[in-house]
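Enquirer: I'm passing along input-v3.cif; it holds mmCIF, C-alpha atoms.
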data_start
loop_
_atom_site.label_atom_id
_atom_site.label_comp_id
_atom_site.auth_asym_id
_atom_site.auth_seq_id
_atom_site.Cartn_x
_atom_site.Cartn_y
_atom_site.Cartn_z
CA MET Y 1 45.80 -32.85 -9.46
CA SER Y 2 45.94 -30.43 -6.49
CA GLN Y 3 46.39 -27.54 -8.94
CA GLY Y 4 43.20 -28.60 -10.70
CA VAL Y 5 41.33 -28.66 -7.39
CA SER Y 6 42.66 -25.19 -6.50
CA GLN Y 7 41.57 -23.80 -9.86
CA LEU Y 8 38.17 -25.38 -9.40
CA LEU Y 9 37.88 -23.88 -5.91
CA ILE Y 10 38.92 -20.42 -7.13
CA ALA Y 11 36.43 -20.64 -9.99
CA GLY Y 12 33.73 -21.76 -7.55
CA VAL Y 13 34.40 -18.89 -5.14
CA PHE Y 14 34.49 -16.44 -8.07
CA ALA Y 15 31.19 -17.75 -9.46
CA MET Y 16 29.59 -17.63 -6.02
CA SER Y 17 30.77 -14.04 -5.47
CA ILE Y 18 29.38 -12.97 -8.85
CA GLY Y 19 26.14 -14.83 -8.16
CA LEU Y 20 25.65 -13.32 -4.72
CA GLY Y 21 26.64 -9.86 -5.95
CA THR Y 22 24.18 -9.84 -8.82
CA GLY Y 23 21.57 -11.80 -6.86
CA CYS Y 24 21.41 -9.01 -4.27
CA SER Y 25 21.30 -6.10 -6.72
CA HIS Y 26 18.50 -3.63 -7.20
CA GLN Y 27 17.92 -0.57 -9.34
CA ILE Y 28 15.36 2.22 -9.36
CA GLU Y 29 14.62 4.29 -12.43
CA LEU Y 30 12.19 7.11 -13.03
CA THR Y 31 10.83 6.33 -16.46
CA SER Y 32 8.81 9.41 -17.35
CA LEU Y 33 7.77 12.79 -16.08
CA THR Y 34 5.08 14.74 -17.87
CA ASN Y 35 4.48 18.47 -17.47
CA SER Y 36 8.00 18.91 -16.24
CA ALA Y 37 8.69 22.59 -16.04
CA LEU Y 38 12.22 23.94 -15.86
CA PRO Y 39 13.28 24.53 -12.27
CA ALA Y 40 12.09 28.01 -11.49
CA SER Y 41 13.62 30.59 -9.23
CA VAL Y 42 12.06 34.02 -8.83
CA VAL Y 43 12.64 37.02 -6.57
CA VAL Y 44 9.45 38.45 -5.08
CA PRO Y 45 8.69 41.18 -2.54
CA SER Y 46 8.51 39.45 0.79
CA ASP Y 47 5.57 41.43 2.21
CA ALA Y 48 3.47 40.70 -0.89
CA ARG Y 49 3.38 37.04 -0.01
CA MET Y 50 0.10 35.60 1.27
CA PRO Y 51 -0.67 32.82 3.76
CA VAL Y 52 -1.63 29.44 2.33
CA LEU Y 53 -4.03 26.81 3.65
CA LEU Y 54 -3.55 23.23 2.49
CA GLU Y 55 -7.22 22.29 2.67
CA THR Y 56 -7.37 18.72 1.36
CA ILE Y 57 -5.10 15.95 0.20
CA ARG Y 58 -7.02 13.21 -1.57
CA VAL Y 59 -5.13 10.00 -2.32
CA THR Y 60 -6.22 7.04 -4.41
CA HIS Y 61 -4.38 3.76 -4.80
CA ASN Y 62 -5.21 1.98 -8.06
CA GLY Y 63 -8.50 3.87 -8.08
CA SER Y 64 -9.49 3.20 -4.47
CA SER Y 65 -9.48 6.08 -2.01
CA ILE Y 66 -7.13 5.71 0.92
CA ALA Y 67 -6.34 7.90 3.90
CA PRO Y 68 -3.29 10.03 3.11
CA PRO Y 69 -0.29 8.86 5.13
CA ALA Y 70 0.75 11.44 7.72
CA ILE Y 71 4.29 11.51 6.35
CA LEU Y 72 2.97 12.34 2.88
CA GLU Y 73 1.06 15.30 4.31
CA ARG Y 74 4.23 16.51 6.00
CA GLN Y 75 6.24 15.96 2.82
CA VAL Y 76 3.78 18.05 0.80
CA LEU Y 77 3.54 20.83 3.37
CA GLY Y 78 7.32 20.84 3.84
CA ALA Y 79 7.89 21.13 0.09
CA ILE Y 80 5.42 24.03 -0.17
CA GLU Y 81 7.02 25.72 2.82
CA ALA Y 82 10.48 25.30 1.30
CA THR Y 83 9.50 27.28 -1.79
CA ARG Y 84 9.08 30.40 0.41
CA LEU Y 85 6.30 31.56 -1.91
CA PHE Y 86 3.85 32.00 0.96
CA SER Y 87 4.12 33.99 4.15
CA GLN Y 88 2.47 31.46 6.48
CA HIS Y 89 1.50 27.81 6.11
CA TYR Y 90 -1.64 26.21 7.53
CA GLN Y 91 -3.11 22.76 7.19
CA SER Y 92 -6.70 21.65 7.72
CA GLY Y 93 -7.12 20.02 11.08
CA TYR Y 94 -4.42 22.14 12.68
CA THR Y 95 -4.17 25.83 13.52
CA GLN Y 96 -6.33 27.76 11.05
CA PRO Y 97 -5.76 31.26 9.65
CA PRO Y 98 -8.13 34.00 10.92
CA LYS Y 99 -11.47 33.98 9.03
CA ASP Y 100 -11.09 37.53 7.77
CA GLN Y 101 -7.52 37.05 6.55
CA ALA Y 102 -6.98 36.85 2.80
CA ARG Y 103 -5.33 33.58 1.90
CA ILE Y 104 -4.56 31.05 -0.79
CA THR Y 105 -6.31 27.67 -0.55
CA MET Y 106 -4.76 24.50 -1.98
CA ARG Y 107 -6.42 21.20 -2.80
CA LEU Y 108 -4.15 18.36 -3.84
CA SER Y 109 -5.20 15.11 -5.36
CA ILE Y 110 -2.78 12.21 -5.82
CA ASP Y 111 -3.67 9.16 -7.89
CA ASN Y 112 -1.18 6.37 -7.38
CA LEU Y 113 -0.93 3.50 -9.84
CA VAL Y 114 0.82 0.37 -8.65
CA GLU Y 115 1.78 -2.55 -10.88
CA PRO Y 116 3.59 -5.18 -8.82
CA HIS Y 117 3.85 -7.66 -11.74
CA ALA Y 118 2.56 -10.38 -9.43
CA GLY Y 119 2.18 -13.00 -12.16
CA GLN Y 120 5.71 -12.50 -13.39
CA ALA Y 121 7.02 -12.54 -9.82
CA ALA Y 122 5.21 -15.80 -9.11
CA TRP Y 123 6.55 -17.42 -12.29
CA HIS Y 124 10.09 -16.20 -11.70
CA GLY Y 125 9.82 -17.31 -8.08
CA PHE Y 126 8.79 -20.77 -9.20
CA LEU Y 127 11.68 -20.96 -11.67
CA ILE Y 128 14.15 -19.74 -9.06
CA GLY Y 129 12.94 -22.33 -6.57
CA ALA Y 130 12.90 -25.11 -9.15
CA SER Y 131 16.49 -24.28 -10.12
CA MET Y 132 17.59 -24.49 -6.47
CA PHE Y 133 18.20 -20.71 -6.56
CA THR Y 134 20.85 -20.91 -9.28
CA LEU Y 135 18.68 -18.67 -11.49
CA ALA Y 136 18.29 -16.06 -8.73
CA PRO Y 137 21.09 -13.81 -10.09
CA PHE Y 138 19.60 -13.88 -13.60
CA LEU Y 139 15.85 -13.41 -13.14
CA SER Y 140 14.67 -9.91 -12.29
CA LEU Y 141 11.59 -8.99 -10.34
CA ASN Y 142 9.90 -5.72 -11.25
CA TYR Y 143 7.66 -3.21 -9.50
CA ASP Y 144 6.15 -0.18 -11.24
CA TYR Y 145 4.76 2.84 -9.47
CA GLY Y 146 3.19 5.98 -10.88
CA ALA Y 147 1.81 9.15 -9.34
CA HIS Y 148 -0.53 11.59 -11.05
CA MET Y 149 -0.92 14.78 -9.03
CA SER Y 150 -3.43 17.51 -9.56
CA LEU Y 151 -3.14 20.73 -7.58
CA GLU Y 152 -5.99 23.21 -7.48
CA ILE Y 153 -5.19 26.60 -6.03
CA GLU Y 154 -7.82 29.15 -5.16
CA ARG Y 155 -6.91 32.77 -4.53
CA TRP Y 156 -8.59 34.96 -1.89
CA ASP Y 157 -10.76 36.54 -4.61
CA GLY Y 158 -12.05 33.20 -5.89
CA GLN Y 159 -9.80 32.87 -8.95
CA THR Y 160 -8.40 29.38 -9.40
CA ARG Y 161 -5.49 27.75 -11.15
CA GLN Y 162 -4.88 24.06 -11.72
CA TYR Y 163 -1.61 22.24 -12.26
CA THR Y 164 -0.96 18.60 -13.02
CA ALA Y 165 2.12 16.42 -13.05
CA THR Y 166 2.67 12.73 -13.65
CA SER Y 167 5.72 10.65 -12.95
CA ASN Y 168 6.39 6.95 -13.20
CA GLY Y 169 9.16 4.76 -11.95
CA SER Y 170 10.24 1.15 -11.82
CA ALA Y 171 12.24 -0.89 -9.38
CA HIS Y 172 14.14 -3.84 -10.80
CA TYR Y 173 15.62 -6.18 -8.26
CA LYS Y 174 16.91 -9.69 -7.88
CA LEU Y 175 15.40 -12.06 -5.33
CA PHE Y 176 18.02 -11.49 -2.65
CA GLY Y 177 17.90 -7.74 -3.29
CA ALA Y 178 14.17 -7.59 -2.52
CA ASN Y 179 13.61 -5.30 0.42
CA PRO Y 180 10.64 -3.23 1.57
CA GLU Y 181 12.94 -0.20 1.54
CA VAL Y 182 13.54 -0.56 -2.22
CA ILE Y 183 9.82 -0.21 -2.87
CA GLU Y 184 9.49 2.65 -0.40
CA GLN Y 185 12.39 4.47 -2.07
CA LEU Y 186 10.73 4.04 -5.46
CA LYS Y 187 7.47 5.49 -4.13
CA GLY Y 188 9.31 8.32 -2.43
CA GLN Y 189 11.26 9.25 -5.57
CA VAL Y 190 8.19 9.16 -7.80
CA THR Y 191 6.21 11.28 -5.33
CA GLU Y 192 9.09 13.74 -5.00
CA ALA Y 193 9.41 14.09 -8.79
CA SER Y 194 5.70 14.80 -9.25
CA LEU Y 195 5.59 17.22 -6.37
CA SER Y 196 8.65 19.13 -7.60
CA SER Y 197 7.10 19.44 -11.05
CA LEU Y 198 3.86 20.81 -9.58
CA LEU Y 199 5.65 23.34 -7.42
CA ASP Y 200 7.88 24.44 -10.31
CA GLN Y 201 4.77 25.20 -12.36
CA MET Y 202 3.31 27.09 -9.42
CA ILE Y 203 6.45 29.18 -8.95
CA GLN Y 204 6.49 30.13 -12.62
CA ASP Y 205 3.01 31.50 -11.91
CA SER Y 206 4.13 33.23 -8.72
CA THR Y 207 2.72 36.67 -9.49
CA PHE Y 208 -0.77 35.14 -9.35
CA TYR Y 209 -0.28 34.39 -5.66
CA LEU Y 210 1.13 37.73 -4.56
CA ALA Y 211 -0.90 40.58 -3.11
CA SER Y 212 -0.67 43.78 -5.16
CA HIS Y 213 2.36 45.64 -3.92
CA GLU Y 214 3.12 49.30 -4.28
CA GLN Y 215 6.41 50.75 -3.24
CA SER Y 216 6.27 53.66 -0.87
CA PRO Y 217 8.48 56.53 -1.99
CA GLY Y 218 11.87 56.37 -0.33
CA ASN Y 219 11.34 52.84 1.03
CA SER Y 220 13.36 49.95 -0.26
CA ILE Y 221 11.58 46.70 -1.10
CA ARG Y 222 12.54 43.64 0.92
CA THR Y 223 12.63 40.66 -1.39
CA VAL Y 224 12.85 36.91 -1.05
CA SER Y 225 14.07 34.35 -3.53
CA ILE Y 226 11.54 31.59 -4.13
CA GLY Y 227 12.08 28.26 -5.82
CA ILE Y 228 12.20 24.53 -5.35
CA ARG Y 229 14.67 23.26 -2.79
CA HIS Y 230 15.41 19.88 -4.25
CA SER Y 231 16.00 17.26 -1.64
CA SER Y 232 18.86 14.79 -1.65
CA PRO Y 233 18.72 12.05 -4.28
CA ARG Y 234 17.75 9.58 -1.59
CA ALA Y 235 14.03 10.21 -1.41
CA ILE Y 236 12.06 9.85 1.77
CA PRO Y 237 10.01 6.66 1.84
CA ILE Y 238 6.46 7.96 1.94
CA SER Y 239 5.15 5.37 4.38
CA GLN Y 240 8.12 5.53 6.70
CA PRO Y 241 7.17 5.88 10.38
CA ALA Y 242 7.10 9.52 11.48
CA SER Y 243 9.81 9.02 14.07
CA ASP Y 244 12.24 7.88 11.37
CA ALA Y 245 11.67 10.83 9.06
CA PRO Y 246 14.62 13.18 8.78
CA ALA Y 247 14.04 16.64 10.18
CA ARG Y 248 13.43 19.30 7.59
CA MET J 1 6.42 -40.42 21.70
CA PRO J 2 7.36 -38.89 25.08
CA PHE J 3 9.70 -36.54 23.19
CA LEU J 4 6.91 -35.50 20.85
CA ALA J 5 4.56 -34.99 23.76
CA ARG J 6 7.10 -32.71 25.45
CA LEU J 7 7.66 -30.80 22.24
CA VAL J 8 3.96 -30.28 21.51
CA THR J 9 3.28 -29.30 25.13
CA ALA J 10 6.11 -26.74 25.09
CA LEU J 11 4.90 -25.24 21.82
CA ALA J 12 1.29 -25.18 23.01
CA ILE J 13 2.19 -23.45 26.30
CA GLY J 14 4.43 -20.98 24.50
CA ALA J 15 1.75 -20.26 21.94
CA PHE J 16 -0.90 -19.78 24.64
CA MET J 17 1.28 -17.37 26.63
CA THR J 18 2.24 -15.27 23.64
CA THR J 19 -1.30 -15.34 22.24
CA ALA J 20 -2.63 -13.93 25.50
CA ALA J 21 -0.12 -11.10 25.24
CA GLY J 22 -1.02 -10.58 21.61
CA TYR J 23 -4.70 -10.02 22.38
CA ALA J 24 -3.83 -6.85 24.25
CA ALA J 25 -2.79 -5.08 21.07
CA ASP J 26 -4.63 -4.51 17.82
CA VAL J 27 -2.47 -6.61 15.51
CA SER J 28 -2.41 -5.73 11.84
CA PRO J 29 0.54 -7.45 10.15
CA THR J 30 2.06 -5.51 7.27
CA ILE J 31 3.80 -7.98 5.03
CA THR J 32 5.12 -6.24 1.92
CA VAL J 33 7.34 -7.14 -1.01
CA GLY J 34 10.76 -8.04 0.36
CA THR J 35 9.55 -9.01 3.82
CA GLN J 36 11.48 -12.06 4.99
CA GLU J 37 10.27 -14.83 7.22
CA VAL J 38 12.27 -17.28 9.25
CA GLY J 39 10.51 -20.11 10.98
CA LEU J 40 10.80 -23.42 12.72
CA THR J 41 8.26 -26.15 12.23
CA ALA J 42 7.99 -29.48 14.01
CA GLY J 43 5.69 -32.38 13.31
CA TYR J 44 5.22 -36.10 13.47
CA MET J 45 5.27 -38.28 10.39
CA LEU J 46 2.57 -40.94 10.08
CA SER J 47 2.93 -43.40 7.23
CA HIS J 48 0.41 -44.30 4.52
CA GLN J 49 0.45 -47.60 2.65
CA LEU J 50 -1.10 -46.55 -0.63
CA THR J 51 -0.56 -49.86 -2.46
CA ASP J 52 -0.17 -53.51 -1.52
CA GLY J 53 3.55 -53.15 -2.18
CA HIS J 54 3.87 -50.64 0.63
CA THR J 55 4.52 -52.48 3.87
CA THR J 56 6.81 -50.17 5.84
CA ARG J 57 5.19 -48.15 8.59
CA GLN J 58 7.72 -45.39 8.94
CA HIS J 59 7.06 -43.00 11.82
CA GLY J 60 9.13 -40.25 13.28
CA VAL J 61 9.56 -36.64 14.29
CA ALA J 62 10.39 -33.97 11.74
CA PHE J 63 12.00 -30.56 12.17
CA MET J 64 11.90 -27.97 9.41
CA PRO J 65 13.70 -24.63 9.81
CA SER J 66 12.79 -22.37 6.93
CA TRP J 67 13.41 -19.02 5.26
CA MET J 68 10.94 -17.28 2.96
CA MET J 69 10.79 -14.01 1.05
CA THR J 70 7.53 -12.31 0.07
CA ILE J 71 7.71 -11.46 -3.62
CA THR J 72 4.30 -9.94 -4.37
CA ASP J 73 1.90 -7.44 -2.91
CA SER J 74 -1.62 -8.75 -2.33
CA VAL J 75 -3.03 -10.16 -5.54
CA GLY J 76 -6.63 -11.01 -6.30
CA ASP J 77 -9.79 -9.73 -4.71
CA GLY J 78 -12.14 -10.96 -2.03
CA TRP J 79 -11.53 -14.12 -0.01
CA TYR J 80 -8.70 -15.39 -2.20
CA ARG J 81 -6.65 -12.19 -1.97
CA GLY J 82 -3.14 -13.20 -1.05
CA GLN J 83 0.59 -12.96 -1.40
CA ILE J 84 3.20 -15.27 -2.86
CA SER J 85 6.46 -16.01 -1.14
CA ILE J 86 9.32 -18.28 -2.04
CA GLY J 87 12.15 -19.65 0.02
CA ALA J 88 13.79 -22.81 1.21
CA GLU J 89 13.49 -25.27 4.01
CA MET J 90 15.77 -27.79 5.65
CA VAL J 91 14.01 -31.03 6.52
CA TYR J 92 15.31 -33.34 9.21
CA ILE J 93 13.37 -36.50 9.96
CA GLN J 94 14.26 -38.98 12.64
CA PHE J 95 12.57 -42.21 11.61
CA GLN J 96 11.77 -44.11 14.80
CA GLU J 97 9.97 -46.97 13.07
CA PRO J 98 10.73 -49.46 11.59
CA TYR J 99 14.40 -48.63 12.29
CA LEU J 100 16.00 -45.74 14.07
CA THR J 101 17.36 -43.90 11.02
CA HIS J 102 17.66 -40.34 9.82
CA GLY J 103 16.84 -38.19 6.82
CA LEU J 104 18.06 -34.76 5.82
CA GLY J 105 16.86 -32.68 2.90
CA PHE J 106 16.84 -29.22 1.36
CA THR J 107 13.69 -28.07 -0.37
CA PRO J 108 12.96 -24.83 -2.21
CA LYS J 109 9.43 -23.85 -1.31
CA ILE J 110 6.61 -21.70 -2.67
CA LYS J 111 3.71 -20.49 -0.55
CA TYR J 112 0.45 -18.64 -1.19
CA THR J 113 -0.89 -16.86 1.88
CA PHE J 114 -4.51 -15.69 2.04
CA VAL J 115 -4.56 -12.25 3.67
CA ALA J 116 -8.25 -11.35 3.71
CA LEU J 117 -8.68 -12.31 7.39
CA ASN J 118 -5.92 -9.99 8.59
CA ARG J 119 -4.22 -11.70 11.56
CA ILE J 120 -5.51 -15.19 10.72
CA ARG J 121 -3.83 -16.19 7.47
CA PRO J 122 -4.43 -19.58 5.86
CA TYR J 123 -1.84 -20.71 3.35
CA ALA J 124 -1.04 -23.42 0.85
CA GLU J 125 2.52 -24.51 0.23
CA PHE J 126 4.53 -26.74 -2.03
CA ALA J 127 8.15 -27.80 -1.68
CA GLY J 128 10.52 -30.30 -3.20
CA GLY J 129 14.19 -31.12 -3.26
CA PRO J 130 16.93 -33.66 -2.59
CA PHE J 131 16.71 -35.82 0.51
CA TRP J 132 19.31 -38.14 1.97
CA THR J 133 18.24 -40.97 4.25
CA ASP J 134 19.80 -44.15 5.57
CA LEU J 135 16.36 -45.72 5.91
CA ALA J 136 16.45 -46.52 2.20
CA GLY J 137 18.06 -49.86 1.53
CA LYS J 138 16.64 -51.29 4.74
CA ILE J 139 13.05 -51.37 3.51
CA PRO J 140 11.44 -52.82 0.38
CA GLU J 141 10.05 -49.50 -0.89
CA ALA J 142 13.30 -47.61 -1.37
CA SER J 143 16.88 -48.41 -2.34
CA GLY J 144 19.59 -45.72 -2.69
CA GLU J 145 20.33 -43.22 0.05
CA LEU J 146 19.91 -40.23 -2.28
CA ASN J 147 16.22 -39.49 -2.66
CA PHE J 148 13.87 -36.64 -3.34
CA VAL J 149 11.14 -35.31 -1.13
CA LEU J 150 7.98 -33.63 -2.35
CA THR J 151 5.53 -32.02 0.04
CA ALA J 152 2.25 -30.24 -0.44
CA GLY J 153 0.15 -28.92 2.36
CA ALA J 154 -1.93 -26.25 3.94
CA GLY J 155 -1.87 -24.43 7.23
CA VAL J 156 -2.96 -21.40 9.16
CA SER J 157 -0.77 -18.65 10.56
CA TYR J 158 -2.06 -16.73 13.53
CA PHE J 159 -0.23 -13.42 14.03
CA MET J 160 0.35 -12.83 17.73
CA THR J 161 2.15 -9.58 16.95
CA GLU J 162 2.84 -7.74 13.70
CA ARG J 163 6.06 -9.70 13.35
CA THR J 164 5.43 -13.12 14.88
CA ALA J 165 3.00 -15.87 14.06
CA ILE J 166 2.27 -19.40 15.12
CA ASN J 167 1.46 -21.93 12.44
CA VAL J 168 -0.57 -25.11 12.45
CA GLY J 169 -1.16 -27.32 9.45
CA TYR J 170 -0.89 -30.53 7.52
CA ARG J 171 1.45 -31.76 4.80
CA PHE J 172 1.51 -34.77 2.59
CA HIS J 173 5.04 -36.12 2.25
CA HIS J 174 6.37 -38.24 -0.56
CA ILE J 175 9.91 -39.60 -0.59
CA SER J 176 11.32 -41.50 -3.55
CA ASN J 177 14.49 -41.69 -5.60
CA GLY J 178 13.07 -40.47 -8.89
CA GLY J 179 13.89 -43.76 -10.61
CA THR J 180 17.62 -43.45 -10.04
CA SER J 181 17.70 -46.94 -8.51
CA SER J 182 15.37 -49.85 -8.05
CA PRO J 183 13.11 -50.53 -6.21
CA ASN J 184 11.43 -47.16 -6.09
CA LEU J 185 7.97 -47.53 -4.65
CA GLY J 186 8.46 -44.49 -2.46
CA LEU J 187 7.29 -43.62 1.00
CA ASN J 188 4.16 -41.62 1.64
CA ALA J 189 3.16 -40.02 4.88
CA SER J 190 1.02 -37.43 6.59
CA LEU J 191 2.80 -34.76 8.56
CA PRO J 192 0.69 -32.67 10.93
CA PHE J 193 2.80 -29.82 12.23
CA VAL J 194 3.04 -26.78 14.47
CA GLY J 195 5.58 -23.99 14.32
CA PHE J 196 6.29 -20.32 14.56
CA SER J 197 7.53 -17.63 12.20
CA PHE J 198 9.26 -14.32 12.63
CA PHE J 199 8.91 -11.65 9.93
CA PHE J 200 11.42 -8.86 9.29
#
How would this structure read if it were set down as structure tokens?

Expert:
Amino acid sequence: MSQGVSQLLIAGVFAMSIGLGTGCSHQIELTSLTNSALPASVVVPSDARMPVLLETIRVTHNGSSIAPPAILERQVLGAIEATRLFSQHYQSGYTQPPKDQARITMRLSIDNLVEPHAGQAAWHGFLIGASMFTLAPFLSLNYDYGAHMSLEIERWDGQTRQYTATSNGSAHYKLFGANPEVIEQLKGQVTEASLSSLLDQMIQDSTFYLASHEQSPGNSIRTVSIGIRHSSPRAIPISQPASDAPAR
Amino acid sequence: MPFLARLVTALAIGAFMTTAAGYAADVSPTITVGTQEVGLTAGYMLSHQLTDGHTTRQHGVAFMPSWMMTITDSVGDGWYRGQISIGAEMVYIQFQEPYLTHGLGFTPKIKYTFVALNRIRPYAEFAGGPFWTDLAGKIPEASGELNFVLTAGAGVSYFMTERTAINVGYRFHHISNGGTSSPNLGLNASLPFVGFSFFF
């Protein structure tokens, strides 16, 4: 009799551990990335590099314009800076390059698409509640996020180039694994993937952004290696408070 | 009633003091998917005799600690834009009339919160679950001690800070045994309540 009770207790504890373990799980996957160029790395003469001005960042959220979060602006500027393709980096609203200085001008537009699957979440929530939470480890909640980025770059002589990149991702989580950070990580990873793709395309086009360079006889050329510095797999949440953002 | 009066007075004074502090800042609560809410609600149950068979006038205080999880971003457009959250609530009722008895229940809960008014957020809620009470068996409307409680109600949350809110509202309470024993007329009551919530 007591052996039966022990077995029942062990089975109960085991089932509860499995339930809590799976009920708290979450998973993020990047589902697609269009216009993904191969990671580029190029060596260019360092004094042929030009300054760049990030003139505008336009952000829409399901078609509605929103003010770009400050951390997104820093993420974009930081990623551009990390490529080392440009000699100096300026942003509208901050210190500007001299008027007579030749420069590259960038305009970035980010269209975010959010599908929170609210109807499914409500239905699953109802079922989970009605089952006294026993279905919590088995019913997933989903959140999809996509970012379409378009980067227009204008050279000092008026010539322009345009690059686009799209990436999508989904977060799948169980009720007890729901956490604002999961969604922020998803957004951060999708944004990072799109941005990396854009910058890779730009680096493959690097000669377009360099001033003509002629080697003086007898002088050696100082060069710099440019390319994407991929961040750690743990992406920065794009709406994280500035004080929490890791230093670049 | 003196206990209830003390409770309501304490909550009202606390709410007034924290509300005054809250006015100093521009409060814009950001409740997102995965935001959790813990709260404590207190109210007073006032009976309804909906049929001639209902004779018991059960009254008493109720305490309801709760936990909720927001599971959607804002859905809809315009005045009905809102978020859905689910969670669970413990219900303790001390019946003071007709006999001093007790009730304890656990109810999963679903809530729709209207977010269009920013810091003032009306909501509708529904909850139901098992409920044990020793009042049953002593009154003609209910028999076994194991019962079920169903509640539906509406309220308003007022965010004093981005993370704390006071709540005021009304619930309709129904307690019955789901036909598991006879008689099963059930008990119906109104439950006006006040409470507070903390979001994290």

Enquirer: Find the residues in chain J near chain Y: any atom within 6 Å counts, using only C-alpha atoms. Write them as a list of chain:residue names.

Expert: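 Using only C-alpha atoms, chain J residues at most 6 Å from chain Y: J:Val33, J:Gly34, J:Thr72, J:Pro108.
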
Enquirer: Please write the residues picked by the PyMOL selection byres ((chain Y and resi 186) around 12) on this file as a VMD selection string.

Expert: chain Y and resid 26 to 31 114 142 to 147 167 to 173 179 to 185 187 to 193 233 to 239

Enquirer: Work out how far CA of Arg49 (chain Y) is from CA of Ile203 (chain Y), in Å to one decimal.

Expert: 12.3 Å

Enquirer: For CA of Phe196 (chain J) and CA of His59 (chain J), quote the distance in Å rounded to one decimal.

Expert: 22.9 Å

Enquirer: Name the residues that the PyMOL selection byres ((chain J and resi 117) around 12) picks from the file above, as a count of residues only, using the file's chain letters and numbers.

Expert: 22

Enquirer: Between CA of Ile10 (chain Y) and CA of Ala136 (chain Y), what is the distance in Å, rounded to a tenth?

Expert: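 CA of Ala136 (chain Y) lies 21.1 Å from CA of Ile10 (chain Y).
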
Enquirer: Excluding same-chain residues fewer than 3 positions from Arg58 (chain Y), what lies within 9 Å of it counting all atoms listed in the file, as a short mmCIF file (atom, residue, chain, number, x, y, z; two decimals) with C-alpha atoms, in the frame of the given file?

Expert:
data_model
loop_
_atom_site.label_atom_id
_atom_site.label_comp_id
_atom_site.auth_asym_id
_atom_site.auth_seq_id
_atom_site.Cartn_x
_atom_site.Cartn_y
_atom_site.Cartn_z
CA SER Y 65 -9.48 6.08 -2.01
CA ILE Y 66 -7.13 5.71 0.92
CA ALA Y 67 -6.34 7.90 3.90
CA PRO Y 68 -3.29 10.03 3.11
CA ARG Y 107 -6.42 21.20 -2.80
CA LEU Y 108 -4.15 18.36 -3.84
CA SER Y 109 -5.20 15.11 -5.36
CA ILE Y 110 -2.78 12.21 -5.82
CA ASP Y 111 -3.67 9.16 -7.89
#

Enquirer: What residues come out when you apply the PyMOL selection byres ((chain J and resi 137-154) around 9) to this file, written as a ChimeraX atom specification?

Expert: /J:53-56,98-99,105-107,122-136,155-156,168-178,180-187,191

Enquirer: Let me see the file: selected residues, C-alpha atoms, as a CSV table (one decimal), in the coordinates of the input.

Expert:
chain,number,residue,atom,x,y,z
J,53,GLY,CA,3.6,-53.2,-2.2
J,54,HIS,CA,3.9,-50.6,0.6
J,55,THR,CA,4.5,-52.5,3.9
J,56,THR,CA,6.8,-50.2,5.8
J,98,PRO,CA,10.7,-49.5,11.6
J,99,TYR,CA,14.4,-48.6,12.3
J,105,GLY,CA,16.9,-32.7,2.9
J,106,PHE,CA,16.8,-29.2,1.4
J,107,THR,CA,13.7,-28.1,-0.4
J,122,PRO,CA,-4.4,-19.6,5.9
J,123,TYR,CA,-1.8,-20.7,3.4
J,124,ALA,CA,-1.0,-23.4,0.8
J,125,GLU,CA,2.5,-24.5,0.2
J,126,PHE,CA,4.5,-26.7,-2.0
J,127,ALA,CA,8.2,-27.8,-1.7
J,128,GLY,CA,10.5,-30.3,-3.2
J,129,GLY,CA,14.2,-31.1,-3.3
J,130,PRO,CA,16.9,-33.7,-2.6
J,131,PHE,CA,16.7,-35.8,0.5
J,132,TRP,CA,19.3,-38.1,2.0
J,133,THR,CA,18.2,-41.0,4.2
J,134,ASP,CA,19.8,-44.2,5.6
J,135,LEU,CA,16.4,-45.7,5.9
J,136,ALA,CA,16.4,-46.5,2.2
J,155,GLY,CA,-1.9,-24.4,7.2
J,156,VAL,CA,-3.0,-21.4,9.2
J,168,VAL,CA,-0.6,-25.1,12.4
J,169,GLY,CA,-1.2,-27.3,9.4
J,170,TYR,CA,-0.9,-30.5,7.5
J,171,ARG,CA,1.4,-31.8,4.8
J,172,PHE,CA,1.5,-34.8,2.6
J,173,HIS,CA,5.0,-36.1,2.2
J,174,HIS,CA,6.4,-38.2,-0.6
J,175,ILE,CA,9.9,-39.6,-0.6
J,176,SER,CA,11.3,-41.5,-3.6
J,177,ASN,CA,14.5,-41.7,-5.6
J,178,GLY,CA,13.1,-40.5,-8.9
J,180,THR,CA,17.6,-43.4,-10.0
J,181,SER,CA,17.7,-46.9,-8.5
J,182,SER,CA,15.4,-49.8,-8.0
J,183,PRO,CA,13.1,-50.5,-6.2
J,184,ASN,CA,11.4,-47.2,-6.1
J,185,LEU,CA,8.0,-47.5,-4.6
J,186,GLY,CA,8.5,-44.5,-2.5
J,187,LEU,CA,7.3,-43.6,1.0
J,191,LEU,CA,2.8,-34.8,8.6

Enquirer: Using all atoms listed in the file - which residues lie no farther than 12 Å from the point (-8.4, 35.2, 9.1) in the file's frame? Write them as a PyMOL selection string.

Expert: chain Y and resi 50-53+88+90+95-104+156

Enquirer: Distance cut-off 9 Å, centre (10.0, -8.9, 10.6) in file coordinates, counting all atoms listed in the file: which residues qualify? Return them as a PyMOL selection string.

Expert: chain J and resi 31+35-38+162-164+198-200

Enquirer: Restricting the calculation to only C-alpha atoms: of J:Gln94, J:Ser85, J:Ser197, J:Thr161, which residue gets closest to Met68 (chain J)?

Expert: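 Checking each candidate against Met68 (chain J), we get J:Ser85 as the closest.
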